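J.: So here's work-v3.cif (mmCIF, C-alpha atoms).
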```cif
data_upload
loop_
_atom_site.label_atom_id
_atom_site.label_comp_id
_atom_site.auth_asym_id
_atom_site.auth_seq_id
_atom_site.Cartn_x
_atom_site.Cartn_y
_atom_site.Cartn_z
CA MET A 1 10.90 92.95 -258.29
CA GLU A 2 10.43 95.19 -255.24
CA LEU A 3 6.77 96.04 -254.76
CA PRO A 4 5.69 99.72 -254.75
CA ASN A 5 4.90 100.76 -251.18
CA LYS A 6 3.88 104.41 -251.43
CA GLU A 7 1.72 104.29 -248.28
CA HIS A 8 4.49 102.57 -246.30
CA LEU A 9 2.20 99.70 -245.34
CA TRP A 10 4.93 97.05 -245.19
CA THR A 11 8.58 96.85 -244.22
CA TRP A 12 9.65 94.89 -247.28
CA GLY A 13 7.87 93.42 -250.28
CA MET A 14 8.92 91.57 -253.40
CA SER A 15 7.44 89.57 -256.26
CA LEU A 16 8.78 86.31 -257.64
CA GLY A 17 8.12 87.45 -261.21
CA LEU A 18 5.63 88.56 -263.85
CA TYR A 19 2.24 86.88 -264.35
CA SER A 20 2.40 87.30 -268.12
CA LYS A 21 5.14 87.93 -270.65
CA PRO A 22 5.69 91.43 -272.09
CA TYR A 23 3.80 92.08 -275.32
CA TRP A 24 7.00 92.99 -277.15
CA GLU A 25 8.22 89.47 -276.42
CA THR A 26 5.06 87.72 -277.65
CA GLY A 27 4.26 89.84 -280.71
CA GLY A 28 1.35 91.55 -279.00
CA ASN A 29 -0.33 88.35 -277.79
CA HIS A 30 -1.23 87.53 -274.20
CA GLU A 31 0.97 84.71 -272.94
CA ASN A 32 1.48 83.78 -269.31
CA THR A 33 4.84 83.10 -267.76
CA THR A 34 5.41 79.66 -266.23
CA GLN A 35 4.45 81.08 -262.84
CA GLY A 36 1.36 82.75 -264.31
CA ASP A 37 0.31 79.48 -265.91
CA MET A 38 0.63 77.65 -262.59
CA ILE A 39 -1.54 80.22 -260.80
CA ASN A 40 -4.12 80.19 -263.58
CA LEU A 41 -4.27 76.38 -263.48
CA PHE A 42 -4.61 76.29 -259.70
CA LYS A 43 -7.29 79.00 -259.45
CA TYR A 44 -9.47 78.55 -262.51
CA HIS A 45 -9.35 74.91 -263.62
CA GLU A 46 -11.82 72.72 -261.78
CA ASP A 47 -10.76 69.47 -263.40
CA ILE A 48 -7.09 69.18 -262.44
CA ALA A 49 -6.04 66.49 -259.99
CA GLU A 50 -5.41 67.41 -256.37
CA ALA A 51 -1.89 66.02 -256.76
CA GLN A 52 -1.24 68.69 -259.39
CA ARG A 53 -2.46 71.44 -257.05
CA THR A 54 -0.12 70.03 -254.41
CA ARG A 55 2.83 70.13 -256.82
CA ILE A 56 2.04 73.75 -257.71
CA SER A 57 1.82 74.70 -254.03
CA ASN A 58 5.11 72.98 -253.21
CA GLU A 59 6.90 74.61 -256.15
CA PHE A 60 5.78 78.08 -255.10
CA ALA A 61 6.61 77.43 -251.44
CA LYS A 62 10.15 76.51 -252.47
CA GLU A 63 10.48 79.65 -254.59
CA VAL A 64 9.07 81.84 -251.81
CA PHE A 65 11.50 80.57 -249.22
CA GLY A 66 14.40 80.80 -251.67
CA LEU A 67 13.65 84.47 -252.33
CA LEU A 68 13.18 85.20 -248.62
CA ALA A 69 16.42 83.51 -247.67
CA LYS A 70 18.37 85.31 -250.39
CA GLU A 71 16.95 88.82 -250.06
CA LEU A 72 16.29 89.07 -246.34
CA ARG A 73 19.53 87.41 -245.29
CA GLN A 74 21.29 90.34 -246.92
CA LYS A 75 19.22 92.77 -244.83
CA PHE A 76 19.46 90.81 -241.56
CA PRO A 77 22.84 89.01 -241.76
CA THR A 78 23.29 88.56 -238.00
CA SER A 79 19.90 86.97 -237.32
CA SER A 80 19.58 83.19 -237.10
CA LYS A 81 15.94 83.46 -238.22
CA LEU A 82 14.00 85.51 -240.72
CA PRO A 83 12.29 88.56 -239.14
CA PHE A 84 8.75 87.18 -238.95
CA ASP A 85 7.11 84.26 -237.18
CA VAL A 86 3.50 84.19 -238.43
CA CYS A 87 2.47 83.54 -242.06
CA VAL A 88 -0.86 84.85 -243.37
CA GLY A 89 -2.43 85.38 -246.77
CA LEU A 90 -5.33 86.93 -248.60
CA PRO A 91 -8.52 84.82 -248.45
CA GLU A 92 -9.74 83.88 -251.90
CA ASN A 93 -12.69 85.71 -253.46
CA ARG A 94 -14.32 83.12 -255.65
CA GLY A 95 -15.83 80.70 -253.15
CA THR A 96 -13.96 77.69 -254.51
CA GLY A 97 -12.42 76.74 -251.17
CA ARG A 98 -9.01 76.67 -252.87
CA SER A 99 -6.30 79.11 -251.88
CA LEU A 100 -2.70 79.02 -253.04
CA PRO A 101 -1.56 81.48 -250.30
CA ARG A 102 -3.20 79.23 -247.68
CA ASN A 103 -1.38 76.17 -249.01
CA ILE A 104 1.94 78.00 -249.03
CA CYS A 105 1.47 79.19 -245.43
CA ARG A 106 0.81 75.60 -244.37
CA ILE A 107 3.82 74.21 -246.21
CA LEU A 108 6.21 76.85 -244.89
CA ALA A 109 4.94 76.39 -241.32
CA ASP A 110 5.31 72.60 -241.61
CA GLU A 111 8.87 72.93 -242.90
CA HIS A 112 10.12 75.61 -240.47
CA GLU A 113 9.39 75.19 -236.78
CA TRP A 114 9.89 78.89 -236.01
CA LEU A 115 7.10 79.89 -238.42
CA THR A 116 3.41 79.52 -237.50
CA ASP A 117 0.50 79.32 -239.94
CA GLY A 118 -1.92 82.16 -239.19
CA PHE A 119 -3.95 82.03 -242.41
CA GLU A 120 -7.19 81.03 -240.68
CA GLY A 121 -6.89 84.08 -238.41
CA VAL A 122 -7.72 86.41 -241.33
CA ILE A 123 -11.43 86.59 -242.09
CA LYS A 124 -13.54 88.55 -244.54
CA THR A 125 -16.29 90.80 -243.22
CA ARG A 126 -18.30 90.53 -246.44
CA ALA A 127 -18.19 88.89 -249.84
CA GLY A 128 -15.30 90.33 -251.80
CA GLU A 129 -15.40 91.49 -255.40
CA VAL A 130 -13.16 90.24 -258.16
CA ILE A 131 -10.83 93.18 -257.80
CA LYS A 132 -9.34 93.02 -261.29
CA GLU A 133 -12.73 94.10 -262.64
CA VAL A 134 -12.77 97.26 -260.47
CA PRO A 135 -11.15 100.51 -261.77
CA HIS A 136 -7.80 101.19 -260.09
CA ASP A 137 -8.87 104.43 -258.41
CA GLU A 138 -11.92 102.75 -256.82
CA ARG A 139 -10.11 99.76 -255.37
CA PRO A 140 -8.93 101.17 -252.00
CA ALA A 141 -12.48 102.19 -251.09
CA ARG A 142 -13.88 98.85 -252.22
CA VAL A 143 -11.54 96.86 -249.96
CA ALA A 144 -11.76 99.19 -246.95
CA GLY A 145 -12.86 97.12 -243.95
CA LEU A 146 -12.95 93.92 -245.97
CA TYR A 147 -10.63 92.03 -243.61
CA ALA A 148 -10.79 91.36 -239.89
CA ILE A 149 -8.71 89.32 -237.45
CA ASP A 150 -10.04 86.37 -235.47
CA LYS A 151 -7.71 86.45 -232.48
CA ASN A 152 -8.91 83.01 -231.37
CA LYS A 153 -7.27 81.61 -234.51
CA MET A 154 -4.43 84.08 -235.07
CA PRO A 155 -1.14 83.17 -233.36
CA ALA A 156 0.29 86.12 -231.45
CA PRO A 157 3.28 87.39 -233.45
CA LYS A 158 6.55 88.03 -231.63
CA PHE A 159 8.53 89.42 -234.57
CA GLY A 160 6.45 90.04 -237.68
CA PHE A 161 4.00 88.83 -240.31
CA LEU A 162 4.84 87.22 -243.65
CA ILE A 163 1.94 87.93 -246.04
CA ILE A 164 1.48 85.81 -249.17
CA ASP A 165 -0.38 87.21 -252.20
CA ASP A 166 -0.79 85.37 -255.49
CA VAL A 167 -1.14 88.22 -258.02
CA PHE A 168 -0.15 91.82 -257.20
CA GLU A 169 -1.29 94.71 -259.36
CA THR A 170 -1.99 97.95 -257.49
CA GLY A 171 -1.57 96.55 -253.98
CA SER A 172 -5.05 97.61 -252.83
CA THR A 173 -6.10 94.20 -251.45
CA VAL A 174 -2.83 93.42 -249.69
CA GLY A 175 -2.80 97.02 -248.50
CA GLY A 176 -6.23 96.51 -246.98
CA LEU A 177 -4.96 93.48 -245.07
CA CYS A 178 -1.89 95.42 -243.93
CA LYS A 179 -4.08 98.21 -242.53
CA THR A 180 -6.11 95.65 -240.59
CA LEU A 181 -2.97 94.03 -239.20
CA GLU A 182 -1.53 97.44 -238.31
CA LYS A 183 -4.68 98.30 -236.37
CA GLU A 184 -4.74 95.01 -234.46
CA TYR A 185 -0.97 94.61 -234.05
CA PRO A 186 0.61 98.07 -234.06
CA ARG A 187 4.39 98.12 -234.44
CA VAL A 188 4.50 94.51 -235.69
CA PRO A 189 6.26 94.69 -239.09
CA ARG A 190 4.81 93.19 -242.25
CA TYR A 191 6.72 91.49 -245.07
CA ILE A 192 5.08 90.76 -248.42
CA ILE A 193 5.76 88.08 -251.00
CA ALA A 194 3.68 88.20 -254.19
CA LEU A 195 3.91 85.06 -256.28
CA THR A 196 3.52 87.20 -259.41
CA HIS A 197 2.86 90.80 -260.38
CA LEU A 198 1.18 92.41 -263.38
CA HIS A 199 2.81 94.85 -265.78
CA ALA A 200 0.87 97.73 -264.19
CA THR A 201 2.88 97.17 -261.03
CA GLU A 202 6.13 97.96 -262.81
CA ARG A 203 4.66 101.21 -264.12
CA MET A 204 3.62 102.13 -260.56
CA ALA A 205 7.13 101.48 -259.28
CA LYS A 206 8.73 103.98 -261.65
#
```
Translate this structure into C-alpha coordinates?
T.:
Amino acid sequence: MELPNKEHLWTWGMSLGLYSKPYWETGGNHENTTQGDMINLFKYHEDIAEAQRTRISNEFAKEVFGLLAKELRQKFPTSSKLPFDVCVGLPENRGTGRSLPRNICRILADEHEWLTDGFEGVIKTRAGEVIKEVPHDERPARVAGLYAIDKNKMPAPKFGFLIIDDVFETGSTVGGLCKTLEKEYPRVPRYIIALTHLHATERMAK
(Lines of atoms letter the chains of each structure in order from A and count residues from 1; the text may use other names and numbers.)
(Lines give C-alpha, C1' and ligand atoms only; values in the text may rest on other atoms or scores of the structure.)
Protein backbone atom coordinates (compact mmCIF):
# COMPACT_ATOMS: atom_id res chain seq x y z
CA MET A 1 0.00 0.00 0.00
CA GLU A 2 1.17 3.54 -0.77
CA LEU A 3 1.57 5.55 2.43
CA PRO A 4 -0.43 8.78 2.87
CA ASN A 5 1.92 11.75 2.44
CA LYS A 6 -0.28 14.81 2.90
CA GLU A 7 2.61 17.02 4.08
CA HIS A 8 4.81 15.90 1.17
CA LEU A 9 7.58 14.80 3.52
CA TRP A 10 8.87 11.99 1.32
CA THR A 11 9.25 11.28 -2.38
CA TRP A 12 7.81 7.78 -2.22
CA GLY A 13 6.53 5.54 0.55
CA MET A 14 4.98 2.09 0.72
CA SER A 15 4.08 -0.59 3.24
CA LEU A 16 4.70 -4.30 2.88
CA GLY A 17 1.28 -5.11 4.33
CA LEU A 18 -1.14 -4.91 7.26
CA TYR A 19 -0.08 -5.52 10.86
CA SER A 20 -3.35 -7.24 11.71
CA LYS A 21 -6.12 -8.89 9.73
CA PRO A 22 -9.40 -7.05 9.06
CA TYR A 23 -12.09 -7.70 11.66
CA TRP A 24 -14.53 -8.88 9.00
CA GLU A 25 -12.05 -11.65 8.19
CA THR A 26 -11.57 -12.77 11.81
CA GLY A 27 -15.14 -12.49 13.09
CA GLY A 28 -14.37 -9.37 15.09
CA ASN A 29 -11.30 -10.77 16.85
CA HIS A 30 -7.83 -9.25 16.82
CA GLU A 31 -5.48 -11.46 14.83
CA ASN A 32 -2.10 -10.41 13.47
CA THR A 33 -0.93 -11.10 9.96
CA THR A 34 2.22 -13.18 9.54
CA GLN A 35 4.23 -9.96 9.27
CA GLY A 36 2.51 -8.52 12.35
CA ASP A 37 3.29 -11.67 14.31
CA MET A 38 6.97 -11.45 13.36
CA ILE A 39 7.19 -7.82 14.50
CA ASN A 40 5.35 -8.57 17.73
CA LEU A 41 7.69 -11.50 18.45
CA PHE A 42 10.80 -9.45 17.71
CA LYS A 43 9.78 -6.39 19.75
CA TYR A 44 7.91 -7.75 22.76
CA HIS A 45 9.14 -11.26 23.53
CA GLU A 46 12.24 -11.30 25.70
CA ASP A 47 12.70 -15.06 25.66
CA ILE A 48 13.13 -15.84 21.96
CA ALA A 49 16.52 -16.98 20.70
CA GLU A 50 18.78 -14.51 18.95
CA ALA A 51 18.79 -16.84 15.95
CA GLN A 52 15.04 -16.31 15.65
CA ARG A 53 15.46 -12.52 15.71
CA THR A 54 18.07 -12.92 12.97
CA ARG A 55 15.68 -14.98 10.84
CA ILE A 56 12.95 -12.35 11.26
CA SER A 57 15.37 -9.57 10.29
CA ASN A 58 16.57 -11.46 7.22
CA GLU A 59 13.02 -12.25 6.09
CA PHE A 60 11.98 -8.61 6.30
CA ALA A 61 15.17 -7.42 4.60
CA LYS A 62 14.39 -9.73 1.68
CA GLU A 63 10.81 -8.46 1.47
CA VAL A 64 11.94 -4.83 1.67
CA PHE A 65 14.41 -5.17 -1.16
CA GLY A 66 11.92 -7.14 -3.25
CA LEU A 67 9.34 -4.35 -2.94
CA LEU A 68 11.94 -1.66 -3.65
CA ALA A 69 13.24 -3.44 -6.72
CA LYS A 70 9.75 -4.03 -8.08
CA GLU A 71 8.14 -0.65 -7.39
CA LEU A 72 11.05 1.72 -7.84
CA ARG A 73 12.42 0.02 -10.95
CA GLN A 74 9.15 0.96 -12.61
CA LYS A 75 9.69 4.61 -11.64
CA PHE A 76 13.41 4.73 -12.47
CA PRO A 77 13.83 2.21 -15.33
CA THR A 78 17.03 3.73 -16.74
CA SER A 79 18.98 3.81 -13.47
CA SER A 80 21.42 1.02 -12.62
CA LYS A 81 20.87 1.70 -8.91
CA LEU A 82 17.95 2.56 -6.70
CA PRO A 83 17.66 6.32 -6.01
CA PHE A 84 19.11 6.36 -2.49
CA ASP A 85 22.46 5.46 -0.98
CA VAL A 86 22.00 5.79 2.80
CA CYS A 87 19.63 3.64 4.90
CA VAL A 88 18.28 4.96 8.22
CA GLY A 89 15.48 4.02 10.58
CA LEU A 90 13.51 5.12 13.59
CA PRO A 91 15.32 4.45 16.90
CA GLU A 92 13.28 2.22 19.17
CA ASN A 93 11.38 3.70 22.12
CA ARG A 94 11.38 0.96 24.69
CA GLY A 95 15.00 0.81 25.79
CA THR A 96 15.42 -2.85 24.89
CA GLY A 97 18.43 -2.27 22.63
CA ARG A 98 16.64 -4.23 19.90
CA SER A 99 15.62 -2.56 16.67
CA LEU A 100 14.25 -4.30 13.61
CA PRO A 101 14.83 -1.21 11.37
CA ARG A 102 18.47 -1.12 12.54
CA ASN A 103 18.95 -4.79 11.68
CA ILE A 104 17.40 -4.32 8.25
CA CYS A 105 19.63 -1.32 7.49
CA ARG A 106 22.68 -3.41 8.38
CA ILE A 107 21.61 -6.37 6.27
CA LEU A 108 20.79 -4.27 3.22
CA ALA A 109 24.08 -2.36 3.49
CA ASP A 110 26.02 -5.63 3.82
CA GLU A 111 24.30 -7.10 0.76
CA HIS A 112 24.49 -4.04 -1.53
CA GLU A 113 27.79 -2.19 -1.81
CA TRP A 114 26.16 1.01 -3.09
CA LEU A 115 24.04 1.33 0.08
CA THR A 116 25.50 2.61 3.37
CA ASP A 117 24.08 2.00 6.84
CA GLY A 118 23.34 5.36 8.47
CA PHE A 119 21.13 4.12 11.31
CA GLU A 120 23.55 5.20 14.05
CA GLY A 121 23.54 8.74 12.65
CA VAL A 122 19.95 9.28 13.89
CA ILE A 123 19.76 10.10 17.58
CA LYS A 124 16.95 10.97 19.96
CA THR A 125 17.06 14.25 21.83
CA ARG A 126 14.93 12.91 24.69
CA ALA A 127 13.16 9.77 25.80
CA GLY A 128 10.35 9.02 23.39
CA GLU A 129 6.82 8.05 24.31
CA VAL A 130 5.04 4.93 23.17
CA ILE A 131 3.27 6.79 20.40
CA LYS A 132 0.38 4.36 19.99
CA GLU A 133 -0.86 5.48 23.41
CA VAL A 134 -0.98 9.16 22.33
CA PRO A 135 -4.15 10.58 20.66
CA HIS A 136 -3.68 11.04 16.90
CA ASP A 137 -4.09 14.81 16.93
CA GLU A 138 -1.41 15.22 19.64
CA ARG A 139 1.25 13.09 17.98
CA PRO A 140 2.95 15.66 15.70
CA ALA A 141 3.57 18.00 18.63
CA ARG A 142 4.82 15.15 20.81
CA VAL A 143 7.47 14.09 18.28
CA ALA A 144 8.54 17.61 17.27
CA GLY A 145 12.29 17.89 17.79
CA LEU A 146 12.57 14.29 18.95
CA TYR A 147 15.24 13.38 16.40
CA ALA A 148 18.62 14.88 15.61
CA ILE A 149 21.47 13.95 13.28
CA ASP A 150 24.98 13.05 14.44
CA LYS A 151 26.98 14.03 11.38
CA ASN A 152 30.05 12.24 12.75
CA LYS A 153 28.14 8.97 12.30
CA MET A 154 25.85 9.81 9.38
CA PRO A 155 27.30 9.04 5.93
CA ALA A 156 26.89 11.98 3.58
CA PRO A 157 24.13 11.05 1.10
CA LYS A 158 24.75 11.58 -2.60
CA PHE A 159 21.32 10.54 -3.87
CA GLY A 160 18.76 9.98 -1.13
CA PHE A 161 17.71 8.33 2.12
CA LEU A 162 15.89 5.03 2.53
CA ILE A 163 13.96 5.16 5.83
CA ILE A 164 12.77 1.94 7.48
CA ASP A 165 9.79 1.98 9.87
CA ASP A 166 8.30 -1.11 11.48
CA VAL A 167 4.66 -0.10 12.08
CA PHE A 168 3.06 2.91 10.33
CA GLU A 169 -0.20 4.38 11.56
CA THR A 170 -0.51 8.15 11.19
CA GLY A 171 3.06 8.80 10.03
CA SER A 172 3.84 11.27 12.82
CA THR A 173 7.08 9.60 13.97
CA VAL A 174 8.49 8.96 10.50
CA GLY A 175 7.32 12.45 9.57
CA GLY A 176 9.31 13.86 12.47
CA LEU A 177 12.43 12.10 11.21
CA CYS A 178 11.78 13.35 7.68
CA LYS A 179 11.57 16.95 8.91
CA THR A 180 14.90 16.55 10.69
CA LEU A 181 16.52 15.09 7.58
CA GLU A 182 15.03 17.85 5.43
CA LYS A 183 16.51 20.48 7.74
CA GLU A 184 19.97 18.90 7.77
CA TYR A 185 20.01 17.70 4.15
CA PRO A 186 17.75 19.99 2.11
CA ARG A 187 16.90 18.73 -1.36
CA VAL A 188 18.00 15.16 -0.55
CA PRO A 189 14.94 12.98 -1.28
CA ARG A 190 13.50 10.52 1.21
CA TYR A 191 11.98 7.11 0.47
CA ILE A 192 9.96 5.22 3.09
CA ILE A 193 9.38 1.52 3.58
CA ALA A 194 7.06 0.52 6.43
CA LEU A 195 7.20 -3.15 7.30
CA THR A 196 3.50 -3.01 8.21
CA HIS A 197 0.70 -0.47 8.54
CA LEU A 198 -2.40 -0.31 10.72
CA HIS A 199 -5.97 -0.12 9.46
CA ALA A 200 -6.12 3.58 10.40
CA THR A 201 -3.55 4.23 7.69
CA GLU A 202 -5.89 2.96 5.00
CA ARG A 203 -8.63 5.28 6.24
CA MET A 204 -6.19 8.21 6.08
CA ALA A 205 -5.27 7.35 2.50
CA LYS A 206 -8.86 7.60 1.25
J.: Which is closer to Arg53 in chain A than all the others in A:Ser99, A:Thr196, A:Gln35, A:Thr180, using only C-alpha atoms?
T.: A:Ser99
J.: For the structure provided, state which residues fall under the PyMOL selection byres ((chain A and resi 172-175) around 7), and present them as a list in words.
T.: Leu9, Arg139, Pro140, Val143, Thr170, Gly171, Gly176, Leu177, Cys178 and Lys179 of chain A
J.: Nearest to Pro189 in chain A among A:Val167, A:Met38, A:Val86, A:Val122, with distances taken over only C-alpha atoms: which residue is it?
T.: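 The closest residue to Pro189 in chain A is A:Val86.
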J.: Name the residues that the PyMOL selection byres ((chain A and resi 163) around 8) picks from the file above, as a short mmCIF file (atom, residue, chain, number, x, y, z; two decimals) with C-alpha atoms, keeping the file's coordinate frame, using the file's chain letters and numbers.
T.:
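Below is the file that was written, selection_33.cif:
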```
data_model
loop_
_atom_site.label_atom_id
_atom_site.label_comp_id
_atom_site.auth_asym_id
_atom_site.auth_seq_id
_atom_site.Cartn_x
_atom_site.Cartn_y
_atom_site.Cartn_z
CA CYS A 87 2.47 83.54 -242.06
CA VAL A 88 -0.86 84.85 -243.37
CA GLY A 89 -2.43 85.38 -246.77
CA LEU A 90 -5.33 86.93 -248.60
CA PHE A 161 4.00 88.83 -240.31
CA LEU A 162 4.84 87.22 -243.65
CA ILE A 164 1.48 85.81 -249.17
CA ASP A 165 -0.38 87.21 -252.20
CA ARG A 190 4.81 93.19 -242.25
CA TYR A 191 6.72 91.49 -245.07
CA ILE A 192 5.08 90.76 -248.42
CA ILE A 193 5.76 88.08 -251.00
#
```
J.: Quick one: of A:Asn58, A:Thr11, A:Gln52, A:Asn29, who's nearest to Pro101 in chain A, counting only C-alpha atoms?
T.: A:Asn58
J.: Find the residue from A:Arg98, A:Ala156, A:Leu18, A:Asp137 that sits nearest to Asp117 in chain A; use only C-alpha atoms when measuring.
T.: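 For Asp117 in chain A, the nearest of the candidates is A:Ala156.
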J.: Quick one: residues within 6 Å of range 19-25 of chain A, all atoms listed in the file, excluding same-chain residues fewer than 3 positions away - as a list of chain:residue names?
T.: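 Counting only the stated atoms, we get A:Gly28, A:Glu31, A:Asn32, A:Thr33, A:Gly36, A:Thr196, A:His197, A:Leu198.
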